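Asker: Below are the structure tokens for one structure; questions will follow.
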Amino acid sequence: MTKFAFIFPGQGSQFIGMGKDLADAFPEARAVFEEIDDALGQKLSELIWSGDEDELKLTSNTQPALMAVSVAAMRALETKGLSAADAAFVAGHSLGEYSALAAAGSIKVADAARILRIRGNAMQAAVPAGHGAMAALLGADPEQAKSLCAIGTSEGGVCEIANDNAPGQIVISGQKDAVELAASKVSEVGVKKAMLLPVSAPFHCSMMQPAADQMMKALADIEIKAPSAPLIANVTADVTNDPDAIRRQLVEQVTGQVRWRETVQYMAGQGVELTVEAGAGKVLSVMNRRTAKEIEGLTLGTPEDVESVAQRLG
């Protein structure tokens, strides 16, 4: 059988209408949305399927919404006899790590929804609006990104690598002035371009410490079990099965770097031949080709995808 991994997207993959056709085609998928609506005391499903795009983009809505679609896709696939337990690994990008854990039975879906609502609110509230920024460095390697962060911090501001997504695609995060200073100096270190991102807060940097503190308290009350497939954690790019380590790394992830390029390299090194991106869009599948061309990427976001993935892996 093909050695494969399930991967789960993060913020930026959302769109109005995502997951609706899965809910219509599979009662098991619809039940996920109903469970999350009940857990949050909100008709999040109505917002996801027919709501206002700007409201869906609010971090506190986006995070549980993307998890809902990812888990619904997995529940649909389970009707075909395939589950997370059949994978060599599971991994998710930032909030996608919660989707991975929910899909692999490590965290209850309702708990994941409530925790992601807390996470979204905490990350939004950690830094006053307009005080932070993030920028994508196109064509940068990690050493060049570190050089730019050093420039950014040279005047006392915070500027850190937030995401190492793929070769030539690194995101930096921190105080607005420091990130803008770093972005203005790209030509000095040989980086092609810097693009300031339209985000509401500087995610995955030390400025998120207040949110990490809140997550430590929130996660302390949540039952976490060993996942049915090994999790490759964002902050280590290595396998984690121990519930206590998972709890700790979910807290560290708020301020820590998302080491996605290394995660994909780890999969390739372990002989993974194929990834299945469960949920909205195909951002990770496209990105992963830059890291490991030898890994085939499939998506799992529609009833048609459910059929094709089941046929490919069944």
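Residue numbering restarts at 1 for every chain of the structure tokens, chains are lettered A, B, ... in their displayed order, and ligands are numbered from 1 as they appear.
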Give me, as a ChimeraX atom specification, all polymer residues having an atom no more than 7 Å from stretch 232-235 of chain A, counting only C-alpha atoms and skipping those fewer than 3 positions away in the same chain.

Answerer: /A:89-91,94,238-240,249,253,256-260,263

Asker: May I have the residues from that selection written out with N, CA, C and O atoms, as a PDB file, in the first residue's frame?

Answerer:
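Below is the file that was written, out.pdb:
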ATOM      1  N   PHE A  89       1.523   9.313   8.983  1.00  0.00           N
ATOM      2  CA  PHE A  89       1.614  10.498   9.831  1.00  0.00           C
ATOM      3  C   PHE A  89       0.393  11.379   9.610  1.00  0.00           C
ATOM      4  O   PHE A  89      -0.273  11.295   8.578  1.00  0.00           O
ATOM      5  N   VAL A  90       0.149  12.267  10.577  1.00  0.00           N
ATOM      6  CA  VAL A  90      -0.742  13.409  10.370  1.00  0.00           C
ATOM      7  C   VAL A  90       0.051  14.666  10.740  1.00  0.00           C
ATOM      8  O   VAL A  90       0.947  14.628  11.584  1.00  0.00           O
ATOM      9  N   ALA A  91      -0.284  15.777  10.076  1.00  0.00           N
ATOM     10  CA  ALA A  91       0.372  17.053  10.366  1.00  0.00           C
ATOM     11  C   ALA A  91      -0.544  18.169   9.896  1.00  0.00           C
ATOM     12  O   ALA A  91      -1.282  18.012   8.919  1.00  0.00           O
ATOM     13  N   SER A  94      -0.129  25.248  11.527  1.00  0.00           N
ATOM     14  CA  SER A  94      -0.631  26.157  12.557  1.00  0.00           C
ATOM     15  C   SER A  94      -1.937  25.615  13.134  1.00  0.00           C
ATOM     16  O   SER A  94      -1.944  24.541  13.736  1.00  0.00           O
ATOM     17  N   ASP A 238       9.111  17.015  14.098  1.00  0.00           N
ATOM     18  CA  ASP A 238       9.420  15.636  14.471  1.00  0.00           C
ATOM     19  C   ASP A 238       8.155  15.007  15.041  1.00  0.00           C
ATOM     20  O   ASP A 238       7.192  15.694  15.380  1.00  0.00           O
ATOM     21  N   VAL A 239       8.189  13.683  15.184  1.00  0.00           N
ATOM     22  CA  VAL A 239       7.011  12.933  15.603  1.00  0.00           C
ATOM     23  C   VAL A 239       6.746  13.108  17.098  1.00  0.00           C
ATOM     24  O   VAL A 239       7.668  13.093  17.914  1.00  0.00           O
ATOM     25  N   THR A 240       5.473  13.286  17.431  1.00  0.00           N
ATOM     26  CA  THR A 240       5.019  13.365  18.810  1.00  0.00           C
ATOM     27  C   THR A 240       3.804  12.458  18.970  1.00  0.00           C
ATOM     28  O   THR A 240       2.843  12.576  18.217  1.00  0.00           O
ATOM     29  N   GLN A 249       3.492  21.352  23.315  1.00  0.00           N
ATOM     30  CA  GLN A 249       3.858  21.893  22.002  1.00  0.00           C
ATOM     31  C   GLN A 249       2.748  22.751  21.402  1.00  0.00           C
ATOM     32  O   GLN A 249       3.029  23.682  20.641  1.00  0.00           O
ATOM     33  N   GLN A 253       3.559  26.418  20.195  1.00  0.00           N
ATOM     34  CA  GLN A 253       3.253  26.742  18.793  1.00  0.00           C
ATOM     35  C   GLN A 253       2.748  28.177  18.625  1.00  0.00           C
ATOM     36  O   GLN A 253       2.943  28.796  17.583  1.00  0.00           O
ATOM     37  N   GLY A 256       5.894  30.047  18.607  1.00  0.00           N
ATOM     38  CA  GLY A 256       6.985  29.369  17.913  1.00  0.00           C
ATOM     39  C   GLY A 256       6.837  29.371  16.405  1.00  0.00           C
ATOM     40  O   GLY A 256       5.783  29.688  15.843  1.00  0.00           O
ATOM     41  N   GLN A 257       7.917  28.990  15.763  1.00  0.00           N
ATOM     42  CA  GLN A 257       7.973  28.938  14.303  1.00  0.00           C
ATOM     43  C   GLN A 257       7.261  27.691  13.774  1.00  0.00           C
ATOM     44  O   GLN A 257       7.412  26.597  14.318  1.00  0.00           O
ATOM     45  N   VAL A 258       6.476  27.879  12.722  1.00  0.00           N
ATOM     46  CA  VAL A 258       5.863  26.749  12.026  1.00  0.00           C
ATOM     47  C   VAL A 258       6.905  26.196  11.052  1.00  0.00           C
ATOM     48  O   VAL A 258       7.200  26.815  10.028  1.00  0.00           O
ATOM     49  N   ARG A 259       7.437  25.033  11.377  1.00  0.00           N
ATOM     50  CA  ARG A 259       8.543  24.465  10.592  1.00  0.00           C
ATOM     51  C   ARG A 259       7.984  23.505   9.528  1.00  0.00           C
ATOM     52  O   ARG A 259       8.218  22.299   9.543  1.00  0.00           O
ATOM     53  N   TRP A 260       7.246  24.085   8.583  1.00  0.00           N
ATOM     54  CA  TRP A 260       6.535  23.247   7.615  1.00  0.00           C
ATOM     55  C   TRP A 260       7.470  22.642   6.568  1.00  0.00           C
ATOM     56  O   TRP A 260       7.309  21.482   6.177  1.00  0.00           O
ATOM     57  N   THR A 263       8.939  19.758   8.083  1.00  0.00           N
ATOM     58  CA  THR A 263       7.919  18.713   8.263  1.00  0.00           C
ATOM     59  C   THR A 263       7.780  17.878   6.997  1.00  0.00           C
ATOM     60  O   THR A 263       7.740  16.636   7.049  1.00  0.00           O
TER      61      THR A 263
END

Asker: Could you pull the residues within 7 Å of A:Arg290, counting only C-alpha atoms, minus those fewer than 3 positions along the same chain, as an MDAnalysis selection string?

Answerer: chainID A and resid 166:167 287 293

Asker: Could you give me, as a ChimeraX atom specification, the residues within 12 Å of A:Glu304, counting only C-alpha atoms and dropping anything in the same chain fewer than 2 positions from it?

Answerer: /A:21-22,25-26,73,76-77,298-302,306-311

Asker: Please write the residues from the selection above to a file, keeping N, CA and C atoms, as a compact mmCIF listing (two decimals), in the first residue's frame.

Answerer:
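Produced file part37.txt, reproduced below:
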# COMPACT_ATOMS: atom_id res chain seq x y z
N ASP A 21 -21.01 20.96 0.33
CA ASP A 21 -21.35 19.78 -0.47
C ASP A 21 -21.01 18.49 0.27
N LEU A 22 -20.01 18.52 1.14
CA LEU A 22 -19.72 17.35 1.97
C LEU A 22 -20.85 17.11 2.96
N ALA A 25 -23.82 15.64 1.17
CA ALA A 25 -23.64 14.29 0.64
C ALA A 25 -23.43 13.24 1.73
N PHE A 26 -22.93 13.65 2.89
CA PHE A 26 -22.57 12.68 3.93
C PHE A 26 -23.16 13.12 5.28
N ALA A 73 -14.44 16.39 6.28
CA ALA A 73 -13.88 15.66 5.13
C ALA A 73 -13.37 14.29 5.56
N ALA A 76 -16.23 11.93 6.20
CA ALA A 76 -16.77 11.44 4.93
C ALA A 76 -15.90 10.31 4.39
N LEU A 77 -14.59 10.48 4.48
CA LEU A 77 -13.67 9.45 3.99
C LEU A 77 -13.79 8.17 4.81
N LEU A 298 -2.78 14.97 -3.02
CA LEU A 298 -4.20 14.90 -3.31
C LEU A 298 -4.95 15.82 -2.35
N THR A 299 -6.14 16.25 -2.76
CA THR A 299 -6.98 17.08 -1.89
C THR A 299 -8.23 16.30 -1.49
N LEU A 300 -8.79 16.68 -0.34
CA LEU A 300 -9.98 16.01 0.19
C LEU A 300 -10.91 17.10 0.70
N GLY A 301 -11.66 17.72 -0.23
CA GLY A 301 -12.52 18.82 0.16
C GLY A 301 -13.92 18.76 -0.42
N THR A 302 -14.17 17.79 -1.32
CA THR A 302 -15.47 17.66 -1.97
C THR A 302 -15.87 16.19 -2.01
N VAL A 306 -13.54 12.71 -2.13
CA VAL A 306 -13.70 11.54 -1.23
C VAL A 306 -13.66 10.25 -2.06
N GLU A 307 -14.38 10.26 -3.15
CA GLU A 307 -14.40 9.07 -4.02
C GLU A 307 -13.02 8.79 -4.62
N SER A 308 -12.36 9.83 -5.11
CA SER A 308 -11.08 9.61 -5.80
C SER A 308 -9.99 9.20 -4.82
N VAL A 309 -9.98 9.79 -3.61
CA VAL A 309 -9.00 9.41 -2.61
C VAL A 309 -9.23 7.97 -2.15
N ALA A 310 -10.50 7.62 -1.95
CA ALA A 310 -10.82 6.25 -1.55
C ALA A 310 -10.37 5.24 -2.60
N GLN A 311 -10.57 5.58 -3.85
CA GLN A 311 -10.14 4.68 -4.94
C GLN A 311 -8.62 4.59 -5.00

Asker: Using only C-alpha atoms, which of the listed residues (A:Gln144, A:Gln14, A:Thr79, A:Asn61) sits closest to A:Glu28?

Answerer: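 Selected residue with least distance to A:Glu28: A:Thr79.
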
Asker: Using only C-alpha atoms, which residues sit within 12 Å of A:Leu313 once same-chain residues fewer than 3 positions away are excluded, as a list of chain:residue names?

Answerer: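 Listed by chain and then number, they are A:Met1, A:Thr2, A:Lys3, A:Phe4, A:Ala5, A:Phe6, A:Leu77, A:Lys80, A:Gly81, A:Leu82, A:Ser83, A:Asp86, A:Ala87, A:Glu273, A:Leu274, A:Thr275, A:Val276, A:Leu298, A:Asp305, A:Val306, A:Glu307, A:Ser308, A:Val309, A:Ala310.
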
Asker: Create the file for the chosen residues now, containing C-alpha atoms and written as a PDB file, in the first residue's frame.

Answerer:
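Full text of result07.pdb as output:
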ATOM      1  CA  MET A   1       0.000   0.000   0.000  1.00  0.00           C
ATOM      2  CA  THR A   2       1.147   3.544  -0.729  1.00  0.00           C
ATOM      3  CA  LYS A   3       2.722   5.221   2.310  1.00  0.00           C
ATOM      4  CA  PHE A   4       0.758   8.426   2.835  1.00  0.00           C
ATOM      5  CA  ALA A   5       0.083  11.232   5.311  1.00  0.00           C
ATOM      6  CA  PHE A   6      -2.957  13.366   6.036  1.00  0.00           C
ATOM      7  CA  LEU A  77     -13.673   9.450   3.989  1.00  0.00           C
ATOM      8  CA  LYS A  80     -15.201   4.493   2.596  1.00  0.00           C
ATOM      9  CA  GLY A  81     -13.138   2.561   5.128  1.00  0.00           C
ATOM     10  CA  LEU A  82     -10.172   4.940   5.416  1.00  0.00           C
ATOM     11  CA  SER A  83      -9.221   6.929   8.506  1.00  0.00           C
ATOM     12  CA  ASP A  86      -4.285   4.245   8.138  1.00  0.00           C
ATOM     13  CA  ALA A  87      -1.765   7.060   7.573  1.00  0.00           C
ATOM     14  CA  GLU A 273       4.854   8.938  -1.266  1.00  0.00           C
ATOM     15  CA  LEU A 274       1.596  10.872  -1.091  1.00  0.00           C
ATOM     16  CA  THR A 275      -0.176  13.481   1.039  1.00  0.00           C
ATOM     17  CA  VAL A 276      -3.924  14.005   1.336  1.00  0.00           C
ATOM     18  CA  LEU A 298      -4.205  14.896  -3.312  1.00  0.00           C
ATOM     19  CA  ASP A 305     -12.414  14.066  -3.783  1.00  0.00           C
ATOM     20  CA  VAL A 306     -13.702  11.545  -1.227  1.00  0.00           C
ATOM     21  CA  GLU A 307     -14.401   9.068  -4.025  1.00  0.00           C
ATOM     22  CA  SER A 308     -11.084   9.607  -5.799  1.00  0.00           C
ATOM     23  CA  VAL A 309      -8.995   9.408  -2.613  1.00  0.00           C
ATOM     24  CA  ALA A 310     -10.822   6.250  -1.548  1.00  0.00           C
TER      25      ALA A 310
END

Asker: Can you build me a table of stretch 193-259 of chain A residues sitting at most 9 Å from stretch 152-160 of chain A, with the closest atom pair per residue and its distance in Å to one decimal, using only C-alpha atoms, sorted by chain and residue number, as a Markdown table?

Answerer:
| residue | atom | partner | partner_atom | distance |
| --- | --- | --- | --- | --- |
| A:His204 | CA | A:Glu160 | CA | 8.4 |
| A:Cys205 | CA | A:Glu160 | CA | 6.1 |
| A:Ser206 | CA | A:Val158 | CA | 7.7 |
| A:Met207 | CA | A:Val158 | CA | 7.6 |
| A:Gln257 | CA | A:Glu160 | CA | 8.5 |

Asker: Write to file, as an mmCIF file, in the first residue's frame, the residues of the selection just made, with all heavy atoms.

Answerer:
data_model
loop_
_atom_site.group_PDB
_atom_site.id
_atom_site.type_symbol
_atom_site.label_atom_id
_atom_site.label_comp_id
_atom_site.auth_asym_id
_atom_site.auth_seq_id
_atom_site.Cartn_x
_atom_site.Cartn_y
_atom_site.Cartn_z
ATOM 1 N N HIS A 204 2.736 33.781 15.528
ATOM 2 C CA HIS A 204 3.932 32.933 15.640
ATOM 3 C C HIS A 204 5.213 33.730 15.886
ATOM 4 O O HIS A 204 6.223 33.541 15.229
ATOM 5 C CB HIS A 204 4.073 32.035 14.397
ATOM 6 C CG HIS A 204 2.949 31.057 14.260
ATOM 7 N ND1 HIS A 204 2.769 30.007 15.127
ATOM 8 C CD2 HIS A 204 1.924 31.000 13.370
ATOM 9 C CE1 HIS A 204 1.683 29.340 14.772
ATOM 10 N NE2 HIS A 204 1.153 29.924 13.715
ATOM 11 N N CYS A 205 5.123 34.645 16.846
ATOM 12 C CA CYS A 205 6.329 35.328 17.324
ATOM 13 C C CYS A 205 6.155 35.601 18.803
ATOM 14 O O CYS A 205 5.084 35.373 19.376
ATOM 15 C CB CYS A 205 6.605 36.607 16.529
ATOM 16 S SG CYS A 205 5.577 38.019 16.987
ATOM 17 N N SER A 206 7.198 36.106 19.444
ATOM 18 C CA SER A 206 7.186 36.279 20.898
ATOM 19 C C SER A 206 6.143 37.281 21.378
ATOM 20 O O SER A 206 5.763 37.270 22.558
ATOM 21 C CB SER A 206 8.574 36.689 21.388
ATOM 22 O OG SER A 206 9.009 37.867 20.728
ATOM 23 N N MET A 207 5.653 38.142 20.479
ATOM 24 C CA MET A 207 4.604 39.087 20.865
ATOM 25 C C MET A 207 3.289 38.375 21.198
ATOM 26 O O MET A 207 2.387 38.970 21.804
ATOM 27 C CB MET A 207 4.371 40.113 19.748
ATOM 28 C CG MET A 207 5.558 41.035 19.519
ATOM 29 S SD MET A 207 5.304 42.146 18.112
ATOM 30 C CE MET A 207 4.156 43.338 18.813
ATOM 31 N N GLN A 257 7.917 28.990 15.763
ATOM 32 C CA GLN A 257 7.973 28.938 14.303
ATOM 33 C C GLN A 257 7.261 27.691 13.774
ATOM 34 O O GLN A 257 7.412 26.597 14.318
ATOM 35 C CB GLN A 257 9.449 28.909 13.887
ATOM 36 C CG GLN A 257 9.691 28.916 12.397
ATOM 37 C CD GLN A 257 11.156 28.765 12.057
ATOM 38 O OE1 GLN A 257 11.519 28.094 11.089
ATOM 39 N NE2 GLN A 257 12.031 29.363 12.856
#

Asker: Please, what distance in Å, to one decimal, runs between atom CA of A:Val32 and atom CA of A:Ala103?

Answerer: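 Going from atom CA of A:Val32 over to atom CA of A:Ala103 covers 11.0 Å.
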
Asker: Write down as a PyMOL selection string the residues belonging to stretch 1-91 of chain A that are assigned strand (DSSP E or B) by DSSP computed on the backbone.

Answerer: chain A and resi 4-8+89-91

Asker: Take the selection from the previous step and output its residues with N, CA, C and O atoms, as a short mmCIF file (atom, residue, chain, number, x, y, z; two decimals), in the first residue's frame.

Answerer:
data_model
loop_
_atom_site.label_atom_id
_atom_site.label_comp_id
_atom_site.auth_asym_id
_atom_site.auth_seq_id
_atom_site.Cartn_x
_atom_site.Cartn_y
_atom_site.Cartn_z
N PHE A 4 1.32 7.08 3.00
CA PHE A 4 0.76 8.43 2.84
C PHE A 4 0.57 9.10 4.19
O PHE A 4 0.62 8.47 5.25
N ALA A 5 0.34 10.43 4.12
CA ALA A 5 0.08 11.23 5.31
C ALA A 5 -1.12 12.13 5.05
O ALA A 5 -1.35 12.58 3.92
N PHE A 6 -1.90 12.36 6.10
CA PHE A 6 -2.96 13.37 6.04
C PHE A 6 -2.40 14.69 6.53
O PHE A 6 -1.75 14.74 7.58
N ILE A 7 -2.65 15.77 5.78
CA ILE A 7 -2.21 17.10 6.17
C ILE A 7 -3.42 18.04 6.21
O ILE A 7 -4.40 17.83 5.49
N PHE A 8 -3.33 19.05 7.06
CA PHE A 8 -4.50 19.88 7.35
C PHE A 8 -4.14 21.36 7.26
O PHE A 8 -3.20 21.82 7.91
N PHE A 89 1.52 9.31 8.98
CA PHE A 89 1.61 10.50 9.83
C PHE A 89 0.39 11.38 9.61
O PHE A 89 -0.27 11.29 8.58
N VAL A 90 0.15 12.27 10.58
CA VAL A 90 -0.74 13.41 10.37
C VAL A 90 0.05 14.67 10.74
O VAL A 90 0.95 14.63 11.58
N ALA A 91 -0.28 15.78 10.08
CA ALA A 91 0.37 17.05 10.37
C ALA A 91 -0.54 18.17 9.90
O ALA A 91 -1.28 18.01 8.92
#

Asker: Closest to A:Leu47 among A:Gly17, A:Asn121, A:Ser99, A:Val186, using only C-alpha atoms?

Answerer: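 Between A:Gly17, A:Asn121, A:Ser99, A:Val186, the residue approaching A:Leu47 most closely is A:Gly17.
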
Asker: What is the distance, in Å and to one decimal place, between atom CA of A:Ile36 and atom CA of A:Met67?

Answerer: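 Result for atom CA of A:Ile36 versus atom CA of A:Met67: 9.6 Å, one decimal.
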
Asker: Here is a test: counting only C-alpha atoms, which residue of A:Ala133, A:Ala65, A:Ala88, A:Val71 is nearest to A:Ser228?

Answerer: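 For A:Ser228, the nearest of the given residues is A:Ala88.
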
Asker: Quick check, in Å to one decimal: how far apart do atom CA of A:Leu66 and atom CA of A:Gly279 lie?

Answerer: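 Computing the Euclidean distance for atom CA of A:Leu66 and atom CA of A:Gly279 yields 7.0 Å.
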
Asker: Which is closer to A:Val199 than all the others in A:Val251, A:Val69, A:Ala183, A:Met123, using only C-alpha atoms?

Answerer: A:Met123

Asker: Looking only at helix (DSSP H, G or I) from DSSP on the backbone, list the matching residues of stretch 109-251 of chain A as a PyMOL selection string.

Answerer: chain A and resi 109-125+142-153+176-184+186-189+206-220+243-251

Asker: Closest to A:Leu284 among A:Val254, A:Val272, A:Ala84, A:Val264, using only C-alpha atoms?

Answerer: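 Using only C-alpha atoms, A:Leu284 sits closest to A:Val264.
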
Asker: For A:Ile151, find every residue with an atom within 9 Å (counting only C-alpha atoms), except residues of its own chain fewer than 6 positions away, and show them as a PDB file with N, CA and C atoms, in the first residue's frame.

Answerer:
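This is the output file out20.pdb:
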ATOM      1  N   CYS A 159      11.335  41.071  15.584  1.00  0.00           N
ATOM      2  CA  CYS A 159      11.217  40.593  14.202  1.00  0.00           C
ATOM      3  C   CYS A 159      11.772  39.171  14.166  1.00  0.00           C
ATOM      4  N   ALA A 178       9.592  47.156  12.922  1.00  0.00           N
ATOM      5  CA  ALA A 178      10.719  46.244  12.740  1.00  0.00           C
ATOM      6  C   ALA A 178      10.535  45.390  11.485  1.00  0.00           C
ATOM      7  N   LEU A 181      11.014  47.585   8.453  1.00  0.00           N
ATOM      8  CA  LEU A 181      12.441  47.852   8.249  1.00  0.00           C
ATOM      9  C   LEU A 181      13.110  46.655   7.575  1.00  0.00           C
ATOM     10  N   ALA A 182      12.844  45.469   8.073  1.00  0.00           N
ATOM     11  CA  ALA A 182      13.417  44.265   7.469  1.00  0.00           C
ATOM     12  C   ALA A 182      12.982  44.128   6.012  1.00  0.00           C
ATOM     13  N   LYS A 185      14.841  46.101   3.382  1.00  0.00           N
ATOM     14  CA  LYS A 185      16.263  45.809   3.178  1.00  0.00           C
ATOM     15  C   LYS A 185      16.503  44.500   2.423  1.00  0.00           C
TER      16      LYS A 185
END

Asker: Measuring between only C-alpha atoms, which one of A:Leu101, A:Ala135, A:Ala237, A:Ala280 shows the shortest distance to A:Leu196?

Answerer: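 Counting only C-alpha atoms, the residue closest to A:Leu196 is A:Ala135.
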
Asker: Could you list, as a list of chain:residue names, every residue within 8 Å of A:Ile115, counting only C-alpha atoms and ignoring same-chain residues fewer than 4 positions away?

Answerer: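 Neighbouring residues, sequence-local ones excluded: A:Asp111, A:Arg119, A:Met215, A:Ala218, A:Leu219.
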